[in-house]
Amino acid sequence: MRIGLSLMIAALIAFVPAAPDAQAQGAAPAPPQPNPAAPMYQQKGEQYRIYNFPGTGESIPYRLFVPATWTPSTKLPMLVTLRAGNTVDGPYRAGNDLVKQATQRGYIVVTPMGYRPLSQPYYGSAYRIVRPKPAEPAAGWTPQENERAEQDVLYVIDLVTKEYNVDTARIYLHGQNPSGSGALHLAAKYPDRFAALVISSAPLEPGAYPFDRLKGKMALMVIHGDQDTVNSIEASQKMAEAAKAAGVETVYATVPGGTHLEAYLTYASQIFDFLDKHRK
């Protein structure tokens, strides 16, 4: 679903930018805050939102779904699903099975851009994915863009959490392919933020990842489609085994008929079954 220009403009003013005087004095820019006077404040349904990135003033989009059952007094869980493709507004996002399941189960779903709409978003991660042709993480990104991609995710999580009174004991993170590496990076760096982690077709080199950072903090689901011709299903299985060996509560699933891009969508019901079992 594409949102009209008027709603995009309304979203643009939905948040208060950092104070210019603080930036001028060299202080760290204040994080963005929800604006109760904004036209789209606490709106429900599928939305295309924009906020001003602190310190630069750039308009950064994100995609948001809020169930119709939400009220200001409710505390719903939230799934943060990092983007697949080069946009938060692509057809993979609107009305897909993750959103359909979220509608039925009462979840907020948010997709941050990761600062720039470039290919291969790693969100600050330096963990390489095991591929037939290995590639360096965030190839084509500048170090600053990669760092800001991580910060963008944190800003968006905090914005939505404050605006919609999200249950902070039930915030979940999902990533696919390079964004799966990003999700694992964010989970290891901020383990107190997430109750569970879902990784699709993003096998990392097990020896390079600090699974001990997840132990006792969050559960891990690793999935891989049996029709995935891009990344190695065996490598995903080995990563799941390494996580289990490190003491992480881990579930591995091969998705029958699952392709590289769609396995996590066809497995959406089972993903939410897994998420429903975990909280901080």
# chains A, B, ... in the order shown; residues from 1 in each chain; ligands from 1
$ residues_around --residues "region 126-132 of chain A" --least-positions-apart "6" --cutoff "7 Å" --atoms "only C-alpha atoms" --output "PyMOL selection string"
chain A and resi 181+202-205+231-232+235
$ write_last_selection --atoms "N, CA and C atoms" --output "PDB file, in the first residue's frame"
ATOM      1  N   SER A 181      22.277 -10.739   9.485  1.00  0.00           N
ATOM      2  CA  SER A 181      23.541 -10.432  10.144  1.00  0.00           C
ATOM      3  C   SER A 181      23.380  -9.194  11.015  1.00  0.00           C
ATOM      4  N   ALA A 202      20.457 -16.466   6.894  1.00  0.00           N
ATOM      5  CA  ALA A 202      21.586 -15.586   7.233  1.00  0.00           C
ATOM      6  C   ALA A 202      22.602 -16.333   8.081  1.00  0.00           C
ATOM      7  N   PRO A 203      23.164 -17.416   7.538  1.00  0.00           N
ATOM      8  CA  PRO A 203      24.125 -18.181   8.332  1.00  0.00           C
ATOM      9  C   PRO A 203      25.447 -17.428   8.486  1.00  0.00           C
ATOM     10  N   LEU A 204      25.843 -17.213   9.733  1.00  0.00           N
ATOM     11  CA  LEU A 204      27.134 -16.586  10.003  1.00  0.00           C
ATOM     12  C   LEU A 204      28.189 -17.659  10.245  1.00  0.00           C
ATOM     13  N   GLU A 205      29.442 -17.259  10.185  1.00  0.00           N
ATOM     14  CA  GLU A 205      30.532 -18.148  10.564  1.00  0.00           C
ATOM     15  C   GLU A 205      30.451 -18.319  12.085  1.00  0.00           C
ATOM     16  N   ASN A 231      21.809 -18.916  -0.274  1.00  0.00           N
ATOM     17  CA  ASN A 231      22.644 -19.208   0.883  1.00  0.00           C
ATOM     18  C   ASN A 231      22.509 -20.670   1.293  1.00  0.00           C
ATOM     19  N   SER A 232      23.496 -21.161   2.017  1.00  0.00           N
ATOM     20  CA  SER A 232      23.592 -22.577   2.353  1.00  0.00           C
ATOM     21  C   SER A 232      22.701 -22.953   3.526  1.00  0.00           C
ATOM     22  N   ALA A 235      24.780 -24.399   6.315  1.00  0.00           N
ATOM     23  CA  ALA A 235      25.441 -23.386   7.148  1.00  0.00           C
ATOM     24  C   ALA A 235      24.491 -22.839   8.203  1.00  0.00           C
TER      25      ALA A 235
END
$ select_by_dssp --residues "region 78-239 of chain A" --states "helix (DSSP H, G or I)" --output "number ranges by chain"
A: 97-105, 143-164, 178-189, 206-208, 211-213, 233-239
$ closest_residue --among "A:Gly225, A:Pro32, A:Gly106, A:Gly257" --to "Thr56 (chain A)" --atoms "only C-alpha atoms"
A:Pro32
$ residues_around --residues "Gln151 (chain A)" --least-positions-apart "3" --cutoff "9 Å" --atoms "only C-alpha atoms" --output "list of chain:residue names"
A:Gly114, A:Tyr115, A:Tyr123, A:Gly124, A:Asn146, A:Glu147, A:Arg148, A:Leu154, A:Tyr155, A:Val156
$ select_by_dssp --residues "region 216-278 of chain A" --states "strand (DSSP E)" --output "PyMOL selection string"
chain A and resi 219-225+250-255
$ residues_around --residues "Lys217 (chain A)" --least-positions-apart "5" --cutoff "9 Å" --atoms "only C-alpha atoms" --output "list in words"
Pro191, Asp192, Phe194, Ala195, Ala196, Val248 and Lys280 of chain A
$ residues_around --residues "region 62-66 of chain A" --least-positions-apart "4" --cutoff "8 Å" --atoms "only C-alpha atoms" --output "list in words"
Gln43, Lys44, Gly45, Glu46, Gln47, Tyr48, Arg49, Ile50, Trp70, Val88, Asp89, Val99, Tyr107, Ile108, Val109, Val110, Thr111, Pro112, Met113 and Val156 of chain A
$ write_last_selection --atoms "C-alpha atoms" --output "tab-separated table (two decimals), in the first residue's frame"
chain	number	residue	atom	x	y	z
A	43	GLN	CA	-2.85	6.25	14.14
A	44	LYS	CA	-3.74	2.59	13.53
A	45	GLY	CA	-3.32	0.36	10.50
A	46	GLU	CA	-0.58	0.17	7.89
A	47	GLN	CA	1.41	3.40	7.69
A	48	TYR	CA	4.38	5.01	6.00
A	49	ARG	CA	6.10	7.24	8.54
A	50	ILE	CA	9.01	9.70	8.44
A	70	TRP	CA	-4.75	-1.12	19.98
A	88	VAL	CA	10.32	-0.11	3.35
A	89	ASP	CA	7.47	0.50	0.91
A	99	VAL	CA	1.28	-8.41	8.93
A	107	TYR	CA	1.32	-7.31	17.37
A	108	ILE	CA	2.76	-4.01	16.24
A	109	VAL	CA	5.16	-4.49	13.32
A	110	VAL	CA	7.77	-1.94	12.31
A	111	THR	CA	10.33	-1.93	9.49
A	112	PRO	CA	13.11	0.65	9.80
A	113	MET	CA	14.91	1.80	6.66
A	156	VAL	CA	12.61	3.89	15.39
$ residues_around --residues "Leu159 (chain A)" --least-positions-apart "4" --cutoff "10 Å" --atoms "only C-alpha atoms" --output "PyMOL selection string"
chain A and resi 15+31-35+51+153-155+163-165
$ write_last_selection --atoms "N, CA and C atoms" --output "short mmCIF file (atom, residue, chain, number, x, y, z; two decimals), in the first residue's frame"
data_model
loop_
_atom_site.label_atom_id
_atom_site.label_comp_id
_atom_site.auth_asym_id
_atom_site.auth_seq_id
_atom_site.Cartn_x
_atom_site.Cartn_y
_atom_site.Cartn_z
N PHE A 15 7.38 14.23 14.46
CA PHE A 15 8.38 14.12 15.50
C PHE A 15 9.15 15.42 15.64
N PRO A 31 17.66 12.52 20.97
CA PRO A 31 16.90 11.56 20.16
C PRO A 31 15.54 12.12 19.80
N PRO A 32 14.98 11.69 18.68
CA PRO A 32 13.65 12.18 18.29
C PRO A 32 12.58 11.71 19.28
N GLN A 33 11.54 12.50 19.40
CA GLN A 33 10.46 12.19 20.33
C GLN A 33 9.11 12.25 19.61
N PRO A 34 8.15 11.41 20.01
CA PRO A 34 6.81 11.51 19.43
C PRO A 34 6.20 12.88 19.73
N ASN A 35 5.39 13.36 18.81
CA ASN A 35 4.73 14.65 18.96
C ASN A 35 3.22 14.43 19.04
N TYR A 51 10.67 10.43 10.07
CA TYR A 51 11.14 11.25 11.18
C TYR A 51 12.43 11.95 10.75
N VAL A 153 17.69 2.14 13.52
CA VAL A 153 16.86 1.08 14.10
C VAL A 153 16.52 1.41 15.55
N LEU A 154 17.50 1.86 16.31
CA LEU A 154 17.27 2.19 17.73
C LEU A 154 16.32 3.36 17.87
N TYR A 155 16.51 4.38 17.03
CA TYR A 155 15.60 5.54 17.07
C TYR A 155 14.16 5.11 16.81
N GLU A 163 5.35 6.10 21.52
CA GLU A 163 4.07 6.57 20.97
C GLU A 163 2.95 5.57 21.23
N TYR A 164 3.28 4.28 21.21
CA TYR A 164 2.23 3.26 21.29
C TYR A 164 2.29 2.41 22.57
N ASN A 165 3.07 2.87 23.55
CA ASN A 165 3.08 2.19 24.85
C ASN A 165 3.40 0.70 24.69
#
$ residues_around --residues "Asp276 (chain A)" --least-positions-apart "5" --cutoff "9 Å" --atoms "only C-alpha atoms" --output "VMD selection string"
chain A and resid 105 170 271
$ write_last_selection --atoms "C-alpha atoms" --output "PDB file, in the first residue's frame"
ATOM      1  CA  ARG A 105      -2.391 -11.899  17.236  1.00  0.00           C
ATOM      2  CA  ARG A 170       7.988  -8.365  24.314  1.00  0.00           C
ATOM      3  CA  ILE A 271       7.285 -17.554  13.787  1.00  0.00           C
TER       4      ILE A 271
END
$ atom_distance --atom1 "CA of Pro206 (chain A)" --atom2 "CA of Ala149 (chain A)"
23.8 Å
$ atom_distance --atom1 "CA of Tyr190 (chain A)" --atom2 "CA of Arg213 (chain A)"
9.0 Å
$ atom_distance --atom1 "CA of Ala27 (chain A)" --atom2 "CA of Gln144 (chain A)"
18.1 Å
$ closest_residue --among "A:Pro121, A:Gly55, A:Gly140, A:Pro77" --to "Val166 (chain A)" --atoms "only C-alpha atoms"
A:Pro77
